[in-house]
>>> print(open('data18.txt').read())   # compact mmCIF, C-alpha atoms
# COMPACT_ATOMS: atom_id res chain seq x y z
CA MET Q 1 -31.57 -82.90 -15.15
CA GLN Q 2 -33.12 -79.83 -13.62
CA ASP Q 3 -35.70 -77.90 -15.61
CA PRO Q 4 -33.93 -74.67 -16.77
CA LEU Q 5 -37.24 -72.81 -16.54
CA LYS Q 6 -37.43 -73.49 -12.81
CA ALA Q 7 -35.27 -70.48 -12.08
CA ILE Q 8 -37.89 -68.12 -13.49
CA CYS Q 9 -41.13 -70.03 -12.97
CA ASP Q 10 -42.28 -72.07 -9.94
CA ASP Q 11 -45.55 -73.45 -11.21
CA PRO Q 12 -44.98 -76.83 -12.95
CA LEU Q 13 -48.16 -76.48 -15.05
CA GLU Q 14 -47.00 -73.08 -16.34
CA ARG Q 15 -43.56 -74.52 -17.17
CA ARG Q 16 -45.18 -77.35 -19.10
CA TRP Q 17 -47.17 -74.85 -21.22
CA VAL Q 18 -44.02 -72.79 -21.85
CA TRP Q 19 -42.26 -75.95 -23.11
CA ILE Q 20 -45.23 -76.82 -25.36
CA SER Q 21 -45.19 -73.27 -26.81
CA LEU Q 22 -41.46 -73.43 -27.47
CA PHE Q 23 -41.81 -76.87 -29.06
CA LEU Q 24 -44.59 -75.65 -31.36
CA ALA Q 25 -42.54 -72.59 -32.36
CA VAL Q 26 -39.62 -74.87 -33.37
CA VAL Q 27 -41.94 -77.24 -35.27
CA PHE Q 28 -43.56 -74.38 -37.22
CA GLY Q 29 -40.14 -72.84 -37.92
CA VAL Q 30 -38.87 -76.14 -39.37
CA ILE Q 31 -42.02 -76.63 -41.49
CA LEU Q 32 -41.80 -73.09 -42.86
CA GLY Q 33 -38.08 -73.50 -43.55
CA PHE Q 34 -38.56 -76.75 -45.51
CA TYR Q 35 -41.54 -75.26 -47.39
CA ALA Q 36 -39.54 -72.17 -48.38
CA LEU Q 37 -36.50 -74.21 -49.45
CA GLY Q 38 -38.60 -76.85 -51.25
CA ASN Q 39 -40.54 -74.28 -53.29
CA ASN Q 40 -37.58 -72.01 -53.91
CA LEU Q 41 -39.30 -69.13 -52.12
CA HIS Q 42 -37.17 -66.12 -51.45
CA PRO Q 43 -37.61 -62.53 -50.34
CA PRO Q 44 -38.44 -59.97 -53.04
CA SER Q 45 -35.47 -59.37 -55.30
CA ASN Q 46 -35.71 -55.60 -55.03
CA VAL Q 47 -34.31 -55.11 -51.54
CA GLU Q 48 -33.85 -51.38 -51.41
CA PRO Q 49 -33.65 -49.74 -48.00
CA ILE Q 50 -34.98 -46.23 -47.43
CA ASP Q 51 -35.53 -44.01 -44.40
CA SER Q 52 -39.30 -43.98 -43.96
CA ALA Q 53 -39.34 -41.14 -41.43
CA THR Q 54 -37.75 -38.64 -43.82
CA LEU Q 55 -39.37 -39.69 -47.11
CA HIS Q 56 -41.03 -36.33 -47.71
CA LEU Q 57 -37.88 -34.26 -47.28
CA SER Q 58 -36.02 -35.14 -50.48
CA GLY Q 59 -35.42 -37.72 -53.18
CA GLU Q 60 -37.69 -39.96 -55.15
CA PHE Q 61 -40.51 -39.94 -52.58
CA ALA Q 62 -40.50 -36.20 -51.90
CA GLU Q 63 -43.91 -34.65 -52.32
CA ASP Q 64 -43.32 -33.13 -55.74
CA ASN Q 65 -41.71 -36.24 -57.19
CA LEU Q 66 -44.70 -38.54 -56.78
CA GLY Q 67 -46.98 -39.65 -59.58
CA VAL Q 68 -46.64 -41.05 -63.09
CA LYS Q 69 -43.46 -40.63 -65.11
CA GLU Q 70 -42.85 -41.81 -68.64
CA ASN Q 71 -39.65 -43.75 -69.22
CA GLY Q 72 -37.58 -43.52 -72.38
CA ASP Q 73 -38.79 -46.92 -73.64
CA GLY Q 74 -42.49 -46.03 -73.45
CA THR Q 75 -43.11 -47.78 -70.15
CA LEU Q 76 -44.29 -45.90 -67.08
CA THR Q 77 -43.07 -45.60 -63.52
CA VAL Q 78 -45.55 -44.73 -60.78
CA THR Q 79 -44.07 -43.46 -57.54
CA MET Q 80 -46.40 -43.51 -54.54
CA VAL Q 81 -46.27 -43.19 -50.79
CA ALA Q 82 -48.49 -45.12 -48.42
CA ALA Q 83 -49.12 -43.33 -45.15
CA ARG Q 84 -51.82 -43.52 -42.55
CA TYR Q 85 -54.44 -43.37 -44.05
CA GLY Q 86 -54.06 -43.06 -47.78
CA PHE Q 87 -51.96 -43.54 -50.87
CA PHE Q 88 -50.39 -40.41 -52.27
CA PRO Q 89 -51.05 -39.00 -54.81
CA PRO Q 90 -54.64 -40.12 -54.37
CA VAL Q 91 -55.45 -40.38 -58.08
CA ILE Q 92 -53.26 -42.12 -60.64
CA GLU Q 93 -54.04 -42.41 -64.33
CA VAL Q 94 -52.34 -44.91 -66.63
CA PRO Q 95 -53.13 -46.24 -70.13
CA THR Q 96 -54.16 -49.81 -70.90
CA ASP Q 97 -51.66 -52.44 -72.08
CA THR Q 98 -48.62 -50.50 -70.99
CA PRO Q 99 -46.01 -51.89 -68.57
CA VAL Q 100 -46.24 -49.86 -65.36
CA LYS Q 101 -43.56 -50.16 -62.71
CA PHE Q 102 -44.93 -49.24 -59.27
CA ARG Q 103 -42.42 -48.00 -56.71
CA MET Q 104 -43.99 -47.52 -53.30
CA ALA Q 105 -42.74 -46.69 -49.84
CA SER Q 106 -44.39 -46.42 -46.45
CA ALA Q 107 -44.03 -43.22 -44.46
CA ASP Q 108 -44.98 -44.88 -41.19
CA VAL Q 109 -46.10 -48.47 -40.54
CA LEU Q 110 -46.63 -51.69 -42.48
CA HIS Q 111 -49.14 -51.24 -45.30
CA GLY Q 112 -50.22 -53.36 -48.23
CA VAL Q 113 -51.69 -52.42 -51.56
CA HIS Q 114 -54.15 -54.35 -53.65
CA VAL Q 115 -56.01 -53.28 -56.77
CA PRO Q 116 -59.08 -55.54 -57.02
CA TYR Q 117 -59.72 -57.25 -60.40
CA THR Q 118 -56.04 -56.90 -61.33
CA ASN Q 119 -52.86 -58.69 -60.25
CA ALA Q 120 -51.38 -55.55 -58.65
CA ALA Q 121 -50.62 -56.31 -55.02
CA THR Q 122 -47.68 -56.05 -52.67
CA MET Q 123 -46.74 -55.41 -49.07
CA ILE Q 124 -45.24 -52.02 -48.30
CA VAL Q 125 -42.77 -52.52 -45.51
CA PRO Q 126 -41.43 -49.44 -43.70
CA GLY Q 127 -37.74 -48.98 -44.40
CA TYR Q 128 -37.88 -50.55 -47.87
CA VAL Q 129 -39.02 -49.63 -51.36
CA SER Q 130 -41.63 -52.04 -52.73
CA GLU Q 131 -41.54 -52.54 -56.46
CA PHE Q 132 -43.60 -54.51 -58.95
CA THR Q 133 -44.38 -54.22 -62.63
CA THR Q 134 -47.71 -54.98 -64.22
CA SER Q 135 -50.05 -53.77 -66.95
CA PHE Q 136 -53.79 -53.26 -67.06
CA PRO Q 137 -55.68 -54.76 -70.03
CA LYS Q 138 -59.09 -53.26 -69.22
CA ALA Q 139 -59.90 -49.57 -68.95
CA GLY Q 140 -61.91 -48.51 -65.93
CA LYS Q 141 -61.97 -47.01 -62.51
CA TYR Q 142 -60.11 -49.14 -59.95
CA SER Q 143 -59.28 -48.70 -56.27
CA PHE Q 144 -56.02 -48.99 -54.40
CA LEU Q 145 -56.90 -50.66 -51.10
CA CYS Q 146 -54.68 -51.25 -48.10
CA ASN Q 147 -54.72 -54.94 -47.25
CA GLU Q 148 -52.47 -54.96 -44.18
CA TYR Q 149 -54.08 -53.71 -40.98
CA CYS Q 150 -52.32 -50.41 -40.27
CA GLY Q 151 -54.37 -48.76 -37.55
CA LEU Q 152 -57.83 -47.54 -36.64
CA GLY Q 153 -58.31 -45.75 -39.96
CA HIS Q 154 -57.25 -48.77 -42.04
CA ASP Q 155 -60.71 -49.15 -43.58
CA SER Q 156 -60.48 -45.58 -44.91
CA MET Q 157 -57.18 -46.22 -46.67
CA TRP Q 158 -58.01 -46.15 -50.33
CA SER Q 159 -57.22 -44.17 -53.44
CA ARG Q 160 -58.05 -44.37 -57.12
CA LEU Q 161 -56.47 -45.83 -60.24
CA ASN Q 162 -57.97 -44.70 -63.53
CA VAL Q 163 -57.01 -46.91 -66.45
CA VAL Q 164 -57.79 -45.20 -69.75
CA GLU Q 165 -57.74 -46.63 -73.26
CA LYS Q 166 -54.25 -46.42 -74.67
CA SER Q 167 -55.52 -44.57 -77.73
CA ALA Q 168 -56.92 -41.86 -75.43
CA GLY Q 169 -53.35 -41.31 -74.28
CA GLY Q 170 -54.23 -39.50 -71.05
CA VAL Q 171 -51.59 -39.74 -68.38
CA ASN Q 172 -51.10 -37.38 -65.47
CA MET W 1 -35.75 -9.47 -75.85
CA ILE W 2 -33.33 -12.26 -74.96
CA ARG W 3 -32.89 -10.72 -71.51
CA ILE W 4 -36.64 -10.66 -70.96
CA THR W 5 -36.93 -14.31 -72.06
CA THR W 6 -34.04 -15.25 -69.76
CA LEU W 7 -35.67 -13.37 -66.88
CA ILE W 8 -39.04 -15.06 -67.43
CA THR W 9 -37.33 -18.49 -67.64
CA ALA W 10 -35.38 -17.78 -64.44
CA MET W 11 -38.60 -16.71 -62.67
CA ALA W 12 -40.37 -19.84 -63.86
CA LEU W 13 -37.49 -22.00 -62.66
CA SER W 14 -37.40 -20.28 -59.29
CA VAL W 15 -41.15 -20.92 -58.91
CA SER W 16 -40.70 -24.60 -59.75
CA VAL W 17 -37.80 -24.86 -57.30
CA ALA W 18 -39.89 -23.17 -54.60
CA GLN W 19 -42.70 -25.67 -55.22
CA ALA W 20 -40.26 -28.53 -54.86
CA GLU W 21 -39.65 -27.59 -51.23
CA PRO W 22 -41.15 -30.05 -48.76
CA SER W 23 -44.32 -28.85 -47.06
CA SER W 24 -42.65 -29.30 -43.68
CA LEU W 25 -39.07 -29.84 -42.58
CA VAL W 26 -40.21 -31.82 -39.55
CA ALA W 27 -39.60 -35.55 -39.70
CA PHE W 28 -40.69 -37.77 -36.84
CA ASP W 29 -37.44 -39.69 -36.79
CA LEU W 30 -35.80 -41.18 -33.72
CA ASP W 31 -34.01 -37.96 -32.76
CA THR W 32 -37.23 -35.93 -32.85
CA LEU W 33 -39.18 -38.57 -30.94
CA ARG W 34 -36.44 -38.79 -28.28
CA MET W 35 -36.39 -35.01 -27.96
CA LEU W 36 -40.16 -34.93 -27.43
CA LYS W 37 -39.96 -37.80 -24.95
CA ASP W 38 -37.26 -36.05 -22.91
CA ALA W 39 -38.86 -32.59 -23.12
CA ASP W 40 -39.50 -30.85 -19.81
CA PRO W 41 -42.93 -29.26 -19.18
CA ALA W 42 -41.47 -27.13 -16.34
CA ARG W 43 -39.01 -25.55 -18.77
CA GLY W 44 -41.90 -25.18 -21.21
CA GLU W 45 -43.93 -23.29 -18.61
CA GLU W 46 -41.07 -20.83 -18.06
CA ILE W 47 -40.71 -20.26 -21.80
CA ALA W 48 -44.48 -19.81 -22.15
CA LYS W 49 -44.44 -17.11 -19.46
CA LYS W 50 -41.42 -15.39 -20.96
CA GLU W 51 -42.85 -15.40 -24.47
CA LYS W 52 -46.28 -14.31 -23.16
CA CYS W 53 -48.16 -17.10 -24.94
CA TYR W 54 -51.17 -16.31 -22.71
CA LYS W 55 -51.83 -13.10 -24.62
CA CYS W 56 -53.40 -15.04 -27.50
CA HIS W 57 -53.82 -18.55 -26.11
CA GLY W 58 -55.14 -17.76 -22.63
CA ASP W 59 -53.65 -18.55 -19.22
CA THR W 60 -54.51 -22.22 -19.54
CA GLY W 61 -53.95 -22.69 -23.27
CA VAL W 62 -57.64 -21.98 -23.97
CA SER W 63 -58.07 -18.68 -25.78
CA ASP W 64 -60.76 -16.11 -25.06
CA ASP W 65 -60.92 -15.22 -28.76
CA SER W 66 -62.69 -17.62 -31.11
CA GLU W 67 -60.27 -16.74 -33.92
CA ASP W 68 -57.31 -18.18 -32.03
CA VAL W 69 -56.31 -21.78 -31.64
CA ASN W 70 -56.70 -23.53 -28.29
CA ILE W 71 -53.38 -25.18 -27.63
CA ALA W 72 -54.17 -26.92 -24.34
CA GLY W 73 -54.27 -30.68 -24.78
CA LEU W 74 -52.78 -30.71 -28.27
CA MET W 75 -50.49 -33.68 -28.87
CA PRO W 76 -46.85 -32.68 -28.27
CA SER W 77 -45.80 -34.00 -31.68
CA TYR W 78 -48.44 -31.89 -33.43
CA ALA W 79 -47.79 -28.71 -31.40
CA TYR W 80 -44.03 -29.11 -31.92
CA LYS W 81 -44.48 -29.55 -35.66
CA GLN W 82 -46.64 -26.43 -35.96
CA MET W 83 -44.16 -24.27 -34.03
CA LYS W 84 -41.25 -25.63 -36.06
CA ASP W 85 -43.23 -24.98 -39.26
CA TYR W 86 -43.77 -21.36 -38.17
CA LYS W 87 -40.07 -21.06 -37.48
CA ASP W 88 -39.19 -22.57 -40.87
CA LYS W 89 -41.82 -20.36 -42.56
CA LYS W 90 -43.74 -23.42 -43.68
CA ARG W 91 -46.84 -22.09 -41.96
CA ASP W 92 -47.68 -18.47 -42.37
CA SER W 93 -48.11 -16.24 -39.33
CA CYS W 94 -46.02 -13.17 -38.69
CA ASP W 95 -46.90 -13.14 -34.96
CA MET W 96 -46.00 -16.78 -34.43
CA PHE W 97 -42.81 -16.45 -36.45
CA LYS W 98 -41.68 -13.60 -34.19
CA LYS W 99 -42.39 -15.70 -31.11
CA VAL W 100 -40.61 -18.88 -32.16
CA ARG W 101 -37.79 -17.72 -34.40
CA LYS W 102 -35.28 -17.45 -31.55
CA LEU W 103 -36.32 -20.66 -29.80
CA ASP W 104 -34.31 -23.79 -30.49
CA GLU W 105 -35.88 -27.17 -31.20
CA GLN W 106 -35.58 -28.37 -27.61
CA GLN W 107 -37.36 -25.26 -26.34
CA LEU W 108 -40.15 -25.83 -28.86
CA ALA W 109 -40.45 -29.42 -27.62
CA ASP W 110 -40.58 -28.19 -23.99
CA LEU W 111 -43.38 -25.77 -24.87
CA ALA W 112 -45.24 -28.51 -26.74
CA VAL W 113 -45.23 -30.93 -23.78
CA TYR W 114 -46.19 -28.15 -21.35
CA PHE W 115 -49.33 -27.27 -23.29
CA ALA W 116 -50.07 -30.95 -23.98
CA ASP W 117 -50.33 -31.53 -20.23
CA LEU W 118 -52.97 -28.82 -19.78
CA PRO W 119 -56.60 -29.96 -20.01
CA ALA W 120 -58.25 -29.31 -23.38
CA ALA W 121 -61.21 -26.93 -23.66
CA LYS W 122 -64.38 -28.47 -22.26
CA PRO W 123 -66.84 -29.72 -24.87
CA GLY W 124 -70.37 -28.34 -24.89
CA PRO W 125 -73.57 -30.38 -24.76
CA ASP W 126 -73.88 -33.37 -27.08
CA LYS W 127 -74.81 -32.43 -30.62
CA GLY W 128 -77.07 -34.41 -32.88
CA LEU W 129 -75.76 -35.98 -36.05
CA THR W 130 -77.64 -35.81 -39.33
CA PRO W 131 -77.23 -38.89 -41.56
CA GLU W 132 -75.05 -36.81 -43.93
CA LEU W 133 -72.78 -35.67 -41.13
CA TYR W 134 -72.58 -39.18 -39.70
CA LYS W 135 -71.44 -40.44 -43.10
CA LEU W 136 -68.76 -37.76 -43.39
CA ILE W 137 -67.40 -38.33 -39.90
CA TYR W 138 -67.57 -42.11 -39.60
CA LYS W 139 -67.66 -43.49 -43.15
CA GLY W 140 -66.18 -40.93 -45.52
CA ASP W 141 -67.19 -40.77 -49.16
CA PRO W 142 -65.17 -43.10 -51.41
CA GLU W 143 -66.71 -41.58 -54.55
CA ARG W 144 -65.03 -38.27 -53.68
CA LEU W 145 -62.00 -40.03 -52.14
CA LEU W 146 -62.97 -38.43 -48.86
CA LYS W 147 -61.63 -40.13 -45.76
CA ALA W 148 -63.75 -40.46 -42.65
CA CYS W 149 -62.73 -37.78 -40.10
CA VAL W 150 -62.35 -40.44 -37.43
CA ALA W 151 -59.74 -42.29 -39.51
CA CYS W 152 -57.08 -39.71 -38.71
CA HIS W 153 -58.53 -37.66 -35.86
CA GLY W 154 -59.83 -40.52 -33.70
CA ARG W 155 -63.35 -41.68 -32.81
CA LYS W 156 -63.88 -38.71 -30.50
CA GLY W 157 -61.69 -36.20 -32.31
CA ASN W 158 -58.92 -36.51 -29.72
CA GLY W 159 -56.26 -36.87 -32.42
CA GLY W 160 -54.23 -39.68 -33.86
CA GLN W 161 -50.56 -40.24 -34.57
CA PHE W 162 -47.88 -37.55 -34.72
CA ASN W 163 -49.40 -34.89 -36.95
CA HIS W 164 -53.07 -35.86 -36.84
CA PRO W 165 -54.29 -33.26 -34.37
CA ARG W 166 -57.03 -33.13 -31.76
CA ILE W 167 -59.97 -31.32 -33.37
CA ASN W 168 -62.53 -31.46 -30.58
CA GLY W 169 -61.21 -28.62 -28.42
CA GLN W 170 -61.37 -25.74 -30.89
CA TYR W 171 -63.79 -22.91 -31.56
CA LYS W 172 -65.96 -23.11 -34.65
CA GLU W 173 -64.48 -20.00 -36.23
CA TYR W 174 -60.95 -21.40 -35.96
CA LEU W 175 -62.00 -24.76 -37.44
CA VAL W 176 -63.79 -23.14 -40.39
CA THR W 177 -60.83 -20.82 -41.03
CA THR W 178 -58.36 -23.71 -40.89
CA MET W 179 -60.28 -25.99 -43.25
CA THR W 180 -60.88 -23.08 -45.63
CA GLU W 181 -57.17 -22.26 -45.60
CA PHE W 182 -56.36 -25.85 -46.53
CA LYS W 183 -59.06 -25.78 -49.21
CA GLU W 184 -57.69 -22.60 -50.76
CA GLU W 185 -54.03 -23.63 -50.30
CA GLY W 186 -53.48 -20.76 -47.88
CA ARG W 187 -52.05 -23.36 -45.54
CA SER W 188 -49.87 -26.09 -46.96
CA ASN W 189 -47.79 -27.55 -44.15
CA ASP W 190 -49.67 -30.87 -44.18
CA ILE W 191 -47.20 -33.50 -45.34
CA TYR W 192 -48.29 -35.17 -48.59
CA SER W 193 -51.25 -32.72 -48.80
CA ARG W 194 -53.35 -34.96 -46.61
CA MET W 195 -55.68 -32.27 -45.31
CA ARG W 196 -55.60 -30.26 -48.54
CA TYR W 197 -57.01 -33.23 -50.47
CA VAL W 198 -59.79 -33.59 -47.89
CA SER W 199 -60.65 -29.89 -47.66
CA GLU W 200 -60.63 -29.44 -51.43
CA VAL W 201 -63.57 -31.81 -51.88
CA LEU W 202 -65.56 -30.66 -48.86
CA THR W 203 -68.22 -28.09 -49.69
CA GLU W 204 -68.48 -24.89 -47.65
CA GLU W 205 -71.70 -26.21 -46.08
CA GLU W 206 -69.96 -29.42 -45.06
CA ILE W 207 -67.07 -27.45 -43.54
CA GLU W 208 -69.57 -25.38 -41.53
CA ALA W 209 -71.42 -28.48 -40.36
CA LEU W 210 -68.25 -30.36 -39.36
CA ALA W 211 -66.87 -27.32 -37.53
CA SER W 212 -70.15 -26.92 -35.63
CA TYR W 213 -70.11 -30.56 -34.63
CA TYR W 214 -66.56 -30.67 -33.30
CA ALA W 215 -66.38 -27.12 -31.85
CA VAL W 216 -66.47 -26.19 -28.21
CA PRO W 217 -68.84 -23.33 -27.22
CA ASP W 218 -67.56 -19.86 -28.09
CA PRO W 219 -65.95 -17.85 -25.28
CA GLU W 220 -68.29 -15.50 -23.44
>>> encode(input="data18.txt", output="structure tokens")
Amino acid sequence: MQDPLKAICDDPLERRWVWISLFLAVVFGVILGFYALGNNLHPPSNVEPIDSATLHLSGEFAEDNLGVKENGDGTLTVTMVAARYGFFPPVIEVPTDTPVKFRMASADVLHGVHVPYTNAATMIVPGYVSEFTTSFPKAGKYSFLCNEYCGLGHDSMWSRLNVVEKSAGGVN
Amino acid sequence: MIRITTLITAMALSVSVAQAEPSSLVAFDLDTLRMLKDADPARGEEIAKKEKCYKCHGDTGVSDDSEDVNIAGLMPSYAYKQMKDYKDKKRDSCDMFKKVRKLDEQQLADLAVYFADLPAAKPGPDKGLTPELYKLIYKGDPERLLKACVACHGRKGNGGQFNHPRINGQYKEYLVTTMTEFKEEGRSNDIYSRMRYVSEVLTEEEIEALASYYAVPDPE
């Protein structure tokens, strides 16, 4: 049987490496597939598409709709935008021991968010709303850090999370 | 009394509605990017001559007045956004509004690519960096949530993506005025207040020092 790659590549050594690469890609694909099925891994449940290029024009992620909002049941929703190179609004304040639902969207490329010393972390994929709910037991000054390389200013992509004692009641 | 209360409430509502407007109507979606990609600098040159852009911005896009912006070498996406913002009254300038109000979006894109192709103003001799200025430009100040300048404007100030402009081809006076306008909310067409947040925390001395560092020599 003739090598199907021969039509596009004359060098036998190069063809051999192409076959090895393809073989490895299939092997890794199968391993990942079995791992995902075996551990019941699935994509995030909140699959909510959004147009990243027009986020600022209207809707939930418009400039004046960002920040902390109190829900009827006493929980909070924080709406934020990640854009090169920052999280907006840059300062968020929430009380301790209160469920906080974060809803975040990227205005440009793939970003991630991580708040060190807490379990708040997610990827922020352009075209989708990322959502997670958590609460913060300890008051203090925390940082939002981008943990997906997003460009030359990635290391400047930070903002602040102030967690205040619930009795202090300060939310803005 | 009821009428006065109603009037005050209506005024307050109108203010809140006005604040809810986006800071810019420009979105760098596929249509806008395609339009900029297909824009024609030759058409832009004709429009520039017809609209007499040279009166303020010089024959080559480099002004002979340190108050005016040098538009040569600005990224097309940034120049387009500014002109569209003038047209949409998102950036305040009576003169610029008069110039661009009758131009359609394609003509603005043509103008933007024409001026982008012109060489930017020549930088002056190398300037020294104090440790404080080095920190501001290359590291930022996390305590004040201040980004490094290079994060958005590039290592050499040549600009970044879409609406992160070139800052190394401007006169000092223009740079100081621009940062002060952002600081005092006189200019608010930066999407998500990016530059307003930065300018708010910069001191006047820091604004002066940064402008001096990035500026080209004043016109003679």
>>> interface_residues(input="data18.txt", of="chain Q", to="chain W", cutoff="10 Å", atoms="all atoms listed in the file", output="compact mmCIF listing (two decimals) with C-alpha atoms, in the coordinates of the input")
# COMPACT_ATOMS: atom_id res chain seq x y z
CA ASP Q 51 -35.53 -44.01 -44.40
CA SER Q 52 -39.30 -43.98 -43.96
CA ALA Q 53 -39.34 -41.14 -41.43
CA THR Q 54 -37.75 -38.64 -43.82
CA LEU Q 55 -39.37 -39.69 -47.11
CA HIS Q 56 -41.03 -36.33 -47.71
CA LEU Q 57 -37.88 -34.26 -47.28
CA SER Q 58 -36.02 -35.14 -50.48
CA PHE Q 61 -40.51 -39.94 -52.58
CA ALA Q 62 -40.50 -36.20 -51.90
CA GLU Q 63 -43.91 -34.65 -52.32
CA ASP Q 64 -43.32 -33.13 -55.74
CA ASN Q 65 -41.71 -36.24 -57.19
CA LEU Q 66 -44.70 -38.54 -56.78
CA VAL Q 81 -46.27 -43.19 -50.79
CA ALA Q 82 -48.49 -45.12 -48.42
CA ALA Q 83 -49.12 -43.33 -45.15
CA ARG Q 84 -51.82 -43.52 -42.55
CA TYR Q 85 -54.44 -43.37 -44.05
CA GLY Q 86 -54.06 -43.06 -47.78
CA PHE Q 87 -51.96 -43.54 -50.87
CA PHE Q 88 -50.39 -40.41 -52.27
CA PRO Q 89 -51.05 -39.00 -54.81
CA PRO Q 90 -54.64 -40.12 -54.37
CA VAL Q 91 -55.45 -40.38 -58.08
CA ALA Q 107 -44.03 -43.22 -44.46
CA ASP Q 108 -44.98 -44.88 -41.19
CA SER Q 143 -59.28 -48.70 -56.27
CA GLY Q 151 -54.37 -48.76 -37.55
CA LEU Q 152 -57.83 -47.54 -36.64
CA GLY Q 153 -58.31 -45.75 -39.96
CA HIS Q 154 -57.25 -48.77 -42.04
CA ASP Q 155 -60.71 -49.15 -43.58
CA SER Q 156 -60.48 -45.58 -44.91
CA MET Q 157 -57.18 -46.22 -46.67
CA TRP Q 158 -58.01 -46.15 -50.33
CA SER Q 159 -57.22 -44.17 -53.44
CA ARG Q 160 -58.05 -44.37 -57.12
>>> closest_residue(input="data18.txt", among="Q:Val129, Q:Val47, Q:Ala120, Q:Leu13", to="Met104 (chain Q)", atoms="all atoms listed in the file")
Q:Val129
>>> residues_around(input="data18.txt", residues="Arg187 (chain W)", least_positions_apart="6", cutoff="8 Å", atoms="only C-alpha atoms", output="PyMOL selection string")
chain W and resi 91-92+178+181
>>> residues_around(input="data18.txt", residues="Tyr128 (chain Q)", least_positions_apart="4", cutoff="7 Å", atoms="only C-alpha atoms", output="mmCIF file with C-alpha atoms, in the coordinates of the input")
data_model
loop_
_atom_site.group_PDB
_atom_site.id
_atom_site.type_symbol
_atom_site.label_atom_id
_atom_site.label_comp_id
_atom_site.auth_asym_id
_atom_site.auth_seq_id
_atom_site.Cartn_x
_atom_site.Cartn_y
_atom_site.Cartn_z
ATOM 1 C CA VAL Q 47 -34.310 -55.110 -51.540
ATOM 2 C CA GLU Q 48 -33.850 -51.380 -51.410
ATOM 3 C CA PRO Q 49 -33.650 -49.740 -48.000
ATOM 4 C CA ILE Q 50 -34.980 -46.230 -47.430
ATOM 5 C CA ALA Q 105 -42.740 -46.690 -49.840
#
>>> closest_residue(input="data18.txt", among="Q:Leu5, Q:Asn39, Q:Leu76, Q:Phe102", to="Trp17 (chain Q)", atoms="all atoms listed in the file")
Q:Leu5
>>> atom_distance(input="data18.txt", atom1="CA of Leu22 (chain Q)", atom2="CA of Ala36 (chain Q)")
21.0 Å
>>> closest_residue(input="data18.txt", among="Q:Ser106, Q:Gln2, Q:Asn71, Q:Thr79", to="Phe132 (chain Q)", atoms="all atoms listed in the file")
Q:Thr79
>>> closest_residue(input="data18.txt", among="W:Thr203, W:Thr177, W:Gln106, W:Asn168", to="Pro41 (chain W)", atoms="only C-alpha atoms")
W:Gln106
>>> residues_around(input="data18.txt", residues="Tyr142 (chain Q)", least_positions_apart="5", cutoff="7 Å", atoms="only C-alpha atoms", output="compact mmCIF listing (two decimals) with C-alpha atoms, in the frame of the given file")
# COMPACT_ATOMS: atom_id res chain seq x y z
CA VAL Q 115 -56.01 -53.28 -56.77
CA ARG Q 160 -58.05 -44.37 -57.12
CA LEU Q 161 -56.47 -45.83 -60.24
CA ASN Q 162 -57.97 -44.70 -63.53
>>> closest_residue(input="data18.txt", among="Q:Cys9, Q:Leu24, Q:Leu37, Q:Val78", to="Val94 (chain Q)", atoms="all atoms listed in the file")
Q:Val78
>>> closest_residue(input="data18.txt", among="W:Lys81, W:Lys135, W:Lys49, W:His57", to="Ala109 (chain W)", atoms="only C-alpha atoms")
W:Lys81
>>> decode(input="data18.txt", residues="region 63-72 of chain Q", atoms="N, CA and C atoms", output="CSV table (one decimal), in the first residue's frame")
chain,number,residue,atom,x,y,z
Q,63,GLU,N,-20.9,48.7,31.1
Q,63,GLU,CA,-20.0,49.3,32.1
Q,63,GLU,C,-20.7,49.6,33.4
Q,64,ASP,N,-22.0,50.1,33.3
Q,64,ASP,CA,-22.6,50.6,34.6
Q,64,ASP,C,-23.4,49.4,35.3
Q,65,ASN,N,-23.3,48.2,34.7
Q,65,ASN,CA,-24.0,47.1,35.4
Q,65,ASN,C,-23.0,46.2,36.1
Q,66,LEU,N,-21.7,46.6,36.2
Q,66,LEU,CA,-20.8,45.7,36.8
Q,66,LEU,C,-20.7,46.0,38.3
Q,67,GLY,N,-20.2,45.0,39.0
Q,67,GLY,CA,-20.0,45.2,40.5
Q,67,GLY,C,-20.9,44.2,41.3
Q,68,VAL,N,-21.1,44.6,42.6
Q,68,VAL,CA,-21.8,43.7,43.5
Q,68,VAL,C,-23.3,44.0,43.6
Q,69,LYS,N,-24.1,43.0,43.5
Q,69,LYS,CA,-25.5,43.2,43.6
Q,69,LYS,C,-26.1,42.3,44.7
Q,70,GLU,N,-27.0,42.7,45.5
Q,70,GLU,CA,-27.6,41.9,46.5
Q,70,GLU,C,-28.8,41.2,45.9
Q,71,ASN,N,-28.9,39.9,46.1
Q,71,ASN,CA,-30.0,39.2,45.7
Q,71,ASN,C,-31.1,39.2,46.8
Q,72,GLY,N,-32.3,38.8,46.4
Q,72,GLY,CA,-33.4,38.8,47.3
Q,72,GLY,C,-33.2,37.9,48.5
